[in-house]
Structures are given as C-alpha cells and as structure tokens.
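Coordinates from model_39.txt are shown below (compact mmCIF, C-alpha atoms and all ligand atoms).
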```txt
# COMPACT_ATOMS: atom_id res chain seq x y z
CA MET A 1 59.41 -50.44 -69.05
CA ARG A 2 58.97 -50.62 -65.28
CA GLY A 3 59.80 -53.88 -63.57
CA THR A 4 59.97 -57.13 -65.43
CA ALA A 5 56.34 -57.78 -66.13
CA GLN A 6 55.53 -58.26 -69.74
CA TYR A 7 52.04 -57.78 -70.97
CA VAL A 8 51.63 -59.67 -74.16
CA MET A 9 48.36 -59.17 -75.93
CA PRO A 10 47.26 -62.25 -77.83
CA PRO A 11 46.91 -61.93 -81.58
CA HIS A 12 43.21 -62.74 -81.30
CA GLY A 13 40.65 -62.11 -78.59
CA GLY A 14 39.12 -65.02 -76.81
CA CYS A 15 38.63 -66.36 -73.34
CA LEU A 16 42.28 -67.06 -72.63
CA GLY A 17 43.48 -63.66 -73.77
CA ARG A 18 44.66 -61.13 -71.23
CA ALA A 19 41.91 -58.66 -70.57
CA PHE A 20 43.98 -56.13 -68.66
CA PRO A 21 47.64 -55.40 -68.05
CA CYS A 22 47.26 -57.12 -64.64
CA GLY A 23 47.05 -60.38 -66.52
CA VAL A 24 43.45 -61.24 -65.62
CA ILE A 25 42.16 -63.37 -68.43
CA VAL A 26 39.08 -62.35 -70.35
CA SER A 27 36.97 -65.23 -69.08
CA SER A 28 37.67 -64.27 -65.45
CA VAL A 29 36.62 -60.73 -66.10
CA LEU A 30 33.54 -61.98 -67.82
CA PHE A 31 32.57 -63.98 -64.77
CA PHE A 32 33.58 -61.45 -62.18
CA ARG A 33 31.63 -58.88 -64.06
CA ARG A 34 28.49 -60.97 -64.03
CA PRO A 35 26.07 -58.47 -62.51
CA MET A 36 24.33 -61.04 -60.38
CA GLU A 37 21.98 -58.62 -58.71
CA THR A 38 20.80 -56.64 -61.70
CA PRO A 39 17.29 -57.41 -62.89
CA GLU A 40 18.44 -58.20 -66.43
CA GLU A 41 20.16 -61.34 -65.22
CA PHE A 42 17.00 -62.73 -63.71
CA THR A 43 14.05 -64.36 -65.33
CA LYS A 44 10.85 -62.86 -63.94
CA ILE A 45 8.15 -65.46 -63.49
CA GLU A 46 4.57 -64.28 -63.16
CA SER A 47 1.84 -66.07 -61.30
CA ILE A 48 -1.54 -65.18 -62.81
CA PHE A 49 -5.06 -66.22 -61.88
CA VAL A 50 -7.31 -66.91 -64.87
CA ARG A 51 -10.71 -65.80 -63.63
CA HIS A 52 -13.86 -67.77 -64.53
CA ARG A 53 -11.64 -70.67 -65.70
CA ASN A 54 -10.23 -71.04 -62.17
CA ALA A 55 -6.72 -71.88 -63.27
CA LEU A 56 -3.29 -70.67 -62.23
CA LEU A 57 -1.05 -69.55 -65.09
CA VAL A 58 2.69 -69.37 -64.33
CA ARG A 59 4.90 -68.05 -67.11
CA GLY A 60 8.34 -66.66 -67.82
CA GLN A 61 10.89 -65.84 -70.48
CA PHE A 62 14.03 -67.90 -69.84
CA THR A 63 16.75 -66.24 -71.92
CA PRO A 64 18.48 -64.67 -68.84
CA ILE A 65 18.72 -68.07 -67.12
CA TYR A 66 19.90 -69.78 -70.31
CA THR A 67 22.52 -67.10 -70.94
CA ASP A 68 24.05 -67.66 -67.51
CA TYR A 69 23.77 -71.41 -67.95
CA TYR A 70 25.81 -71.20 -71.17
CA LEU A 71 28.41 -68.95 -69.51
CA HIS A 72 28.67 -71.63 -66.81
CA LEU A 73 29.16 -74.39 -69.42
CA MET A 74 31.84 -72.30 -71.09
CA GLN A 75 33.66 -71.57 -67.84
CA HIS A 76 33.81 -75.25 -66.91
CA GLU A 77 34.32 -76.56 -70.43
CA ILE A 78 31.18 -78.66 -70.33
CA ARG A 79 29.84 -79.62 -73.75
CA PRO A 80 26.64 -81.64 -73.51
CA PRO A 81 25.15 -83.14 -76.67
CA ALA A 82 22.37 -80.92 -78.09
CA GLU A 83 19.57 -83.26 -77.09
CA LEU A 84 20.67 -83.43 -73.44
CA ASP A 85 21.33 -79.70 -73.35
CA GLN A 86 17.76 -79.03 -74.50
CA MET A 87 16.34 -81.47 -71.97
CA LEU A 88 18.21 -79.80 -69.11
CA LYS A 89 17.10 -76.33 -70.20
CA ASP A 90 13.49 -77.49 -70.50
CA ALA A 91 13.64 -79.16 -67.09
CA MET A 92 15.06 -76.01 -65.45
CA ALA A 93 12.22 -73.96 -66.95
CA MET A 94 9.64 -76.47 -65.74
CA LEU A 95 11.01 -76.57 -62.21
CA ALA A 96 11.19 -72.76 -61.99
CA LEU A 97 7.53 -72.52 -63.06
CA HIS A 98 6.55 -75.24 -60.61
CA LEU A 99 8.39 -73.48 -57.77
CA VAL A 100 6.34 -70.36 -58.44
CA ALA A 101 3.14 -72.41 -58.35
CA ARG A 102 4.22 -73.63 -54.89
CA PRO A 103 4.71 -71.84 -51.55
CA TRP A 104 7.77 -69.58 -51.23
CA ALA A 105 9.75 -71.48 -48.62
CA GLU A 106 10.30 -74.68 -50.57
CA THR A 107 13.46 -76.10 -52.05
CA ILE A 108 12.67 -78.68 -54.69
CA ALA A 109 14.93 -81.14 -56.50
CA TRP A 110 13.88 -83.34 -59.41
CA THR A 111 15.83 -86.28 -60.77
CA ALA A 112 14.76 -88.16 -63.88
CA ASN A 113 16.42 -91.55 -64.32
CA LEU A 114 15.88 -92.47 -67.98
CA ARG A 115 16.41 -95.62 -69.98
CA ALA A 116 17.17 -93.95 -73.33
CA PRO A 117 19.16 -91.84 -73.40
CA ARG A 118 20.48 -93.48 -70.24
CA ILE A 119 20.97 -90.45 -68.05
CA ASN A 120 20.15 -88.94 -64.73
CA LEU A 121 18.80 -85.46 -65.27
CA PHE A 122 18.99 -83.38 -62.10
CA VAL A 123 17.51 -79.92 -61.45
CA THR A 124 17.04 -78.07 -58.20
CA GLY A 125 15.90 -74.63 -57.15
CA SER A 126 14.32 -72.43 -54.53
CA SER A 127 12.09 -69.35 -54.72
CA PHE A 128 13.67 -68.05 -51.53
CA GLU A 129 17.17 -68.31 -53.00
CA GLN A 130 15.86 -67.05 -56.35
CA ALA A 131 18.05 -69.67 -57.97
CA ILE A 132 17.86 -72.67 -60.19
CA THR A 133 20.58 -75.04 -61.33
CA GLY A 134 21.05 -78.52 -62.71
CA ARG A 135 23.20 -80.98 -64.56
CA ILE A 136 23.13 -84.24 -66.44
CA PHE A 137 24.88 -87.44 -65.39
CA THR A 138 25.82 -89.77 -68.21
CA GLU A 139 28.38 -92.01 -66.49
CA ASP A 140 27.65 -94.81 -64.04
CA VAL A 141 23.91 -94.33 -64.45
CA ARG A 142 21.79 -97.24 -63.27
CA GLU A 143 19.73 -98.67 -66.13
CA PRO A 144 16.14 -98.57 -64.91
CA ASP A 145 13.46 -100.95 -66.22
CA ARG A 146 11.37 -97.85 -67.05
CA ASN A 147 11.74 -94.06 -66.75
CA TYR A 148 11.52 -92.84 -63.17
CA PHE A 149 11.01 -89.38 -61.80
CA TYR A 150 11.95 -88.46 -58.23
CA SER A 151 10.86 -85.27 -56.53
CA GLN A 152 12.20 -84.06 -53.20
CA THR A 153 10.63 -81.07 -51.49
CA THR A 154 12.17 -79.48 -48.40
CA ALA A 155 9.86 -76.96 -46.77
CA ILE A 156 11.88 -75.74 -43.80
CA GLU A 157 15.58 -76.09 -43.25
CA GLY A 158 16.24 -79.20 -41.25
CA ALA A 159 12.77 -80.64 -41.76
CA LYS A 160 12.42 -84.07 -43.29
CA PRO A 161 12.08 -83.75 -47.08
CA ARG A 162 8.93 -84.96 -48.80
CA MET A 163 9.73 -87.51 -51.49
CA SER A 164 7.61 -88.71 -54.35
CA THR A 165 8.47 -91.19 -57.05
CA LEU A 166 6.60 -91.85 -60.26
CA GLU A 167 7.01 -93.52 -63.58
CA ILE A 168 7.17 -91.11 -66.49
CA LEU A 169 6.56 -91.63 -70.17
CA GLY A 170 8.81 -90.19 -72.85
CA LYS A 171 11.82 -87.93 -72.61
CA ASP A 172 10.22 -84.51 -72.89
CA PRO A 173 10.38 -82.57 -69.59
CA ILE A 174 7.41 -80.46 -70.74
CA ALA A 175 5.28 -83.62 -70.93
CA TRP A 176 6.48 -84.89 -67.54
CA VAL A 177 4.81 -81.95 -65.79
CA SER A 178 1.21 -83.09 -66.32
CA GLN A 179 2.19 -86.63 -65.33
CA TYR A 180 3.80 -85.26 -62.18
CA TYR A 181 0.81 -83.08 -61.29
CA ASP A 182 -1.65 -85.95 -61.84
CA GLN A 183 0.21 -88.21 -59.47
CA SER A 184 1.94 -85.98 -56.93
CA GLU A 185 -0.07 -82.75 -56.83
CA GLN A 186 -3.45 -84.45 -57.31
CA ARG A 187 -4.64 -81.79 -59.72
CA PRO A 188 -4.41 -81.48 -63.49
CA ALA A 189 -1.77 -79.23 -65.01
CA ARG A 190 -0.37 -78.65 -68.47
CA ALA A 191 2.93 -77.13 -69.54
CA PHE A 192 3.79 -75.40 -72.80
CA ARG A 193 6.94 -74.45 -74.67
CA LEU A 194 6.20 -71.18 -76.47
CA ASP A 195 8.17 -69.02 -78.90
CA ASP A 196 11.30 -67.12 -77.92
CA GLU A 197 12.21 -69.23 -74.86
CA ASN A 198 8.90 -68.50 -73.17
CA PHE A 199 7.36 -71.27 -71.10
CA ALA A 200 4.01 -71.56 -69.33
CA LEU A 201 2.43 -73.85 -66.78
CA LEU A 202 -1.34 -73.97 -66.18
CA ALA A 203 -2.50 -75.70 -63.02
CA ALA A 204 -6.12 -76.36 -62.11
CA GLN A 205 -7.54 -74.57 -59.08
CA PRO A 206 -10.76 -75.65 -57.31
CA ASP A 207 -13.73 -75.58 -59.76
CA CYS A 208 -11.39 -75.30 -62.73
CA ASP A 209 -12.92 -75.38 -66.21
CA LEU A 210 -11.18 -78.64 -67.06
CA ALA A 211 -12.57 -78.84 -70.61
CA TRP A 212 -11.02 -75.42 -71.31
CA LEU A 213 -7.71 -76.46 -69.74
CA GLU A 214 -7.71 -79.60 -71.88
CA SER A 215 -8.50 -77.63 -75.05
CA LEU A 216 -5.53 -75.25 -74.77
CA ASP A 217 -2.70 -75.28 -77.28
CA GLU A 218 0.45 -73.15 -77.58
CA ALA A 219 -1.28 -70.43 -79.61
CA ALA A 220 -4.12 -70.11 -77.10
CA VAL A 221 -1.71 -69.99 -74.13
CA ALA A 222 0.45 -67.32 -75.79
CA LYS A 223 -2.49 -64.90 -76.03
CA ILE A 224 -4.30 -65.83 -72.84
CA SER A 225 -3.96 -62.29 -71.43
CA GLU A 226 -5.98 -60.98 -74.39
CA THR A 227 -8.65 -63.65 -74.44
CA GLU A 228 -9.26 -64.26 -70.73
CA GLU A 229 -9.82 -62.14 -67.67
CA THR A 230 -6.62 -62.41 -65.68
CA THR A 231 -5.23 -61.10 -62.40
CA LEU A 232 -1.53 -60.92 -61.60
CA LEU A 233 -1.05 -62.52 -58.18
CA GLU A 234 2.72 -62.16 -57.72
CA SER A 235 6.01 -62.42 -59.53
CA ARG A 236 9.26 -64.03 -58.45
CA GLN A 237 12.73 -63.90 -59.91
CA PHE A 238 15.14 -66.68 -60.76
CA ARG A 239 18.69 -66.83 -62.00
CA PHE A 240 20.97 -69.69 -62.92
CA HIS A 241 23.08 -70.08 -59.79
CA CYS A 242 24.40 -73.04 -57.82
CA GLY A 243 26.40 -71.42 -55.02
CA CYS A 244 29.01 -74.16 -54.92
CA THR A 245 32.56 -73.38 -53.86
CA LEU A 246 35.67 -75.49 -53.40
CA ASP A 247 35.08 -75.39 -49.62
CA LYS A 248 31.63 -76.90 -50.09
CA ILE A 249 32.89 -79.53 -52.52
CA LEU A 250 35.88 -80.76 -50.47
CA PRO A 251 33.87 -82.51 -47.70
CA ILE A 252 32.59 -84.90 -50.39
CA LEU A 253 36.13 -86.28 -50.44
CA GLY A 254 36.35 -86.72 -46.66
CA GLY A 255 36.20 -90.52 -46.98
CA TRP A 256 39.44 -90.50 -48.97
CA LYS A 257 41.42 -88.66 -46.35
CA ASP A 258 43.22 -91.82 -45.19
CA LYS A 259 43.78 -93.30 -48.64
CA PRO A 260 44.70 -90.42 -50.94
CA GLU A 261 46.71 -92.75 -53.16
CA GLN A 262 43.55 -94.53 -54.26
CA LEU A 263 42.01 -91.20 -55.13
CA PHE A 264 44.95 -89.57 -56.89
CA GLU A 265 46.56 -92.70 -58.38
CA GLY A 266 49.87 -90.90 -58.75
CA ALA A 267 48.39 -87.73 -60.23
CA GLU A 268 49.22 -84.35 -58.78
CA PHE A 269 45.62 -83.24 -58.87
CA ILE A 270 42.17 -84.50 -59.78
CA ASN A 271 39.13 -82.69 -61.08
CA ILE A 272 35.97 -82.94 -59.00
CA GLN A 273 32.59 -81.95 -60.38
CA CYS A 274 29.86 -80.30 -58.35
CA PRO A 275 27.01 -82.81 -58.01
CA ARG A 276 24.47 -79.99 -58.56
CA CYS A 277 25.82 -77.99 -61.49
CA ALA A 278 28.83 -79.99 -62.79
CA ALA A 279 31.25 -77.12 -62.10
CA LYS A 280 34.81 -78.45 -62.14
CA TYR A 281 37.23 -77.96 -59.25
CA ARG A 282 40.90 -78.89 -59.24
CA VAL A 283 41.81 -80.70 -56.03
CA THR A 284 45.38 -81.37 -54.88
CA ARG A 285 46.53 -83.75 -52.14
CA ASP A 286 47.17 -81.05 -49.56
CA MET A 287 43.54 -79.95 -49.82
CA ILE A 288 42.11 -83.13 -48.33
CA VAL A 289 44.52 -83.70 -45.42
ZN ZN B 301 27.62 -76.32 -58.27
```
Starting from the file, lay out its structure as structure tokens.
Ligand SMILES: [Zn+2]
Amino acid sequence: MRGTAQYVMPPHGGCLGRAFPCGVIVSSVLFFRRPMETPEEFTKIESIFVRHRNALLVRGQFTPIYTDYYLHLMQHEIRPPAELDQMLKDAMAMLALHLVARPWAETIAWTANLRAPRINLFVTGSSFEQAITGRIFTEDVREPDRNYFYSQTTAIEGAKPRMSTLEILGKDPIAWVSQYYDQSEQRPARAFRLDDENFALLAAQPDCDLAWLESLDEAAVAKISETEETTLLESRQFRFHCGCTLDKILPILGGWKDKPEQLFEGAEFINIQCPRCAAKYRVTRDMIV
C-alpha cells in the first residue's frame, strides 16, 4: 500500500459512506453531481391562453423541484412533519405558477403567518433566476389573531418592493391563491392540484367567461387541452435553488461581532440556518471577527 491512507469501505452504502478512494462521502458526490443546468432538473411551466374563454392557464409538473427539495432536506437533516412538508411543497408550486402568470423581471416572496398550525410559511422565487425556494418557521412565531398572508414583489433590483397583506382562510395553499387574486390582483383566479404532482392556475383575462372558470374542477382542468382551443404563449423553467452560501449568511451575525460570548455561550461552534431555505451552516468564532 502506498502512503498511509486507508480507504475503508463501509459495510453498507449510505450517505456517510466513502464514495471514492479520495474519501469524498457519498452525499457530497450526490450534491456535487447535481446537474443543475440539465433540463431534467427543471420543472417546465407553460403559460397557455384559453381562447374564447379568455383565461390564462399556467401549469407544470413539479417532481423535478420536489426531488431537489428532498435532496436539500436530506443534506441539511431537516425533517418537517408531513403536514408542513405538504404545505411548503404546495406553496412552492403555487408561487412558481403565479410567477409565470406575472412579468419576467419580478422577484416575489410570500409569507403566511398561521394560527394553527402556528407557523410562518415562507416561499420566494424569480422567473429571471429560474429558481424557487422556501422554508417553514415553527419557533418563535408570533400568534396572529387570524391567518395573514404577506406578498412582496420586487420588480427591478433596488426598487422599492410592492407589499400586500391580506387575511386568508384555511391552511391550504391551493385555496389561498383565489383569495390572493381577488384581493391583490383584482381578477378572479383558481388553482388546482392534479394527479402526479401536476398543478394548474387559471387566471381571468379581460372578458373572461367567468361562469366557465367557476364551473371548472380538477378533471376538467386536466383535459383542458382536449376540450378547449388553446395557444401556448411561453414556457419558463424553475428549479429548487436558494443560492445561499456561508459568505452570504455570515453578515446576519454582524451584530454579534462585539459580544461573541452571548452568541456562542461557551460552544466551539453554532449552527445557523438560512432564512430562505433553512440550510444549516456551522459557524465558529473566528468566522465573525
Ligand atoms: Zn438558503
């Protein structure tokens, strides 16, 4: 054997096993290998005009986004309860569809502050960045007297964001969409959860056949291309991606620079979570001086 390195293969596979003789663990390889730019990793979202009904249909199949979302949870050892996990996935799908119904150059963030479960659900995304991300806050969440929904839209970098706040009913992100469109977009819209992680959003255009829009159910939306005259307007791509790095996270701790003891409380390191995607970063004292 050359040198002193020993390459011990674990008895079983798994994320902490050594993938290669260089010692890179399987999970690292998994993440380094993530082919971020290949089309398979993106969810394609189509924007379709439904002629004669005068409605915009936006739809997509979200398995690629959800696959990367679960890889992210695995990497950072995040284990949300099933109900919250589903709510976050639904909200990411809804925001991605809404982004495609909106102009390209917008970055939008939604926060839902709920009474029960008492959580802050946060999602954000941008068509330009082709990215969507989000997380759920369960600790230190203000108990609101009702469920609130906050939307922040930034059109151009540096411009003042447009904020809207509304009360929402229920805890289903699919149902929030029509409430949001009624109050903030001033036009009716309906969202649908279809089979096989497909989602659709229908938004009224001028002279929309509102009775038809109101009559739609999941089955009718699933076969709309066969029953209605449609025109594909454009398609955009989204992936699950935050873009956070340790360098971007560290400035959050700037206020502790002069009082590291209060932050570390004797510990050698602390774990900081990204406020956008909950990714965990290990921070040591020397990093914040
Ligand atoms: Zn992040």
Excluding Gly266 of chain A and any residue of its chain fewer than 6 positions from it, enumerate the residues within 12 Å of it, using only C-alpha atoms, and give them as a PyMOL selection string.
-> chain A and resi 260+284-285
Could I get the residue neighbourhood of ligand ZN 301 (chain B) at 7 Å, counting only C-alpha atoms and all ligand atoms, as a PyMOL selection string?
-> chain A and resi 242-244+274-279
Take the residues that were just selected and, keeping C-alpha atoms, output them as a CSV table (one decimal), in the coordinates of the input.
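Writing the result to out-v5.csv gives the following:
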```
chain,number,residue,atom,x,y,z
A,242,CYS,CA,24.4,-73.0,-57.8
A,243,GLY,CA,26.4,-71.4,-55.0
A,244,CYS,CA,29.0,-74.2,-54.9
A,274,CYS,CA,29.9,-80.3,-58.4
A,275,PRO,CA,27.0,-82.8,-58.0
A,276,ARG,CA,24.5,-80.0,-58.6
A,277,CYS,CA,25.8,-78.0,-61.5
A,278,ALA,CA,28.8,-80.0,-62.8
A,279,ALA,CA,31.2,-77.1,-62.1
```
For a cut-off of 9 Å around (6.3, -81.5, -72.9), file coordinates, pick out all residues using all atoms listed in the file and list them as a list of chain:residue names.
->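 Checked against the point, the hits come out as A:Asp90, A:Lys171, A:Asp172, A:Pro173, A:Ile174, A:Ala175, A:Trp176, A:Val177, A:Ser178, A:Arg190, A:Ala191, A:Phe192, A:Arg193.
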Would you list the contacts of Asn147 of chain A as a list in words, taking every protein, DNA or RNA residue within 8 Å and counting all atoms listed in the file, but skipping same-chain residues closer than 4 positions in sequence?
->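 Selected residues are Ala112, Asn113, Leu114, Arg115, Glu167, Ile168, Leu169 and Gly170 of chain A.
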For Pro64 of chain A, which of A:Gln183, A:Thr245, A:Ser225, A:Asn198 is the closest residue, counting only C-alpha atoms?
->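 Smallest distance to Pro64 of chain A is found for A:Asn198.
Atom CA of Gly134 of chain A is positioned 24.9 Å from atom CA of Gly255 of chain A.
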Quote the spacing between atom CA of Glu229 of chain A and atom CA of Gln61 of chain A in Å to one decimal place.
->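 Separating atom CA of Glu229 of chain A from atom CA of Gln61 of chain A is a distance of 21.2 Å.
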Go through segment 82-193 of chain A residue by residue and, counting all atoms listed in the file, keep those with an atom at most 9 Å from segment 38-57 of chain A; for each kept residue give the shortest atom pair and its distance in Å to one decimal, ordered by chain and increasing number, as CSV.
```
residue,atom,partner,partner_atom,distance
A:Ala96,CA,A:Ile45,CA,8.0
A:Leu97,CA,A:Ile45,CA,7.1
A:Val100,CA,A:Ser47,CA,6.8
A:Ala101,CA,A:Ser47,CA,7.1
A:Gln130,CA,A:Phe42,CA,8.6
```
Which residues come within 8 Å of segment 247-251 of chain A, counting all atoms listed in the file, excluding same-chain residues fewer than 6 positions away, as a list in words?
-> Ile272, Cys274, Met287 and Ile288 of chain A
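Considering only C-alpha atoms, the residue among A:Leu95, A:Ile132, A:Ile119, A:Leu166 positioned nearest to Phe240 of chain A is A:Ile132.
When only C-alpha atoms are used to measure the gap to Ala220 of chain A, the shortest distance among A:Leu202, A:Met92, A:Arg102, A:Ile136 belongs to A:Leu202.
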In Å, rounded to a single decimal, give me how far atom CA of Pro81 of chain A is from atom CA of Ala267 of chain A.
->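 These two atoms are separated by 28.8 Å.
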Selected residue of minimal separation from Thr133 of chain A among A:Lys89, A:Lys223, A:His76, A:Arg162, counting all atoms listed in the file =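 Residue with the minimum atom-to-atom distance to Thr133 of chain A: A:Lys89.
Among the candidate residues A:His98, A:Val58, A:Leu216, A:Glu129, the one lying nearest to Glu185 of chain A is A:His98, with distances computed using all atoms listed in the file.
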A:Ser164, A:Glu106, A:Leu210, A:Asp196: which is nearest Thr63 of chain A, counting all atoms listed in the file?
-> A:Asp196
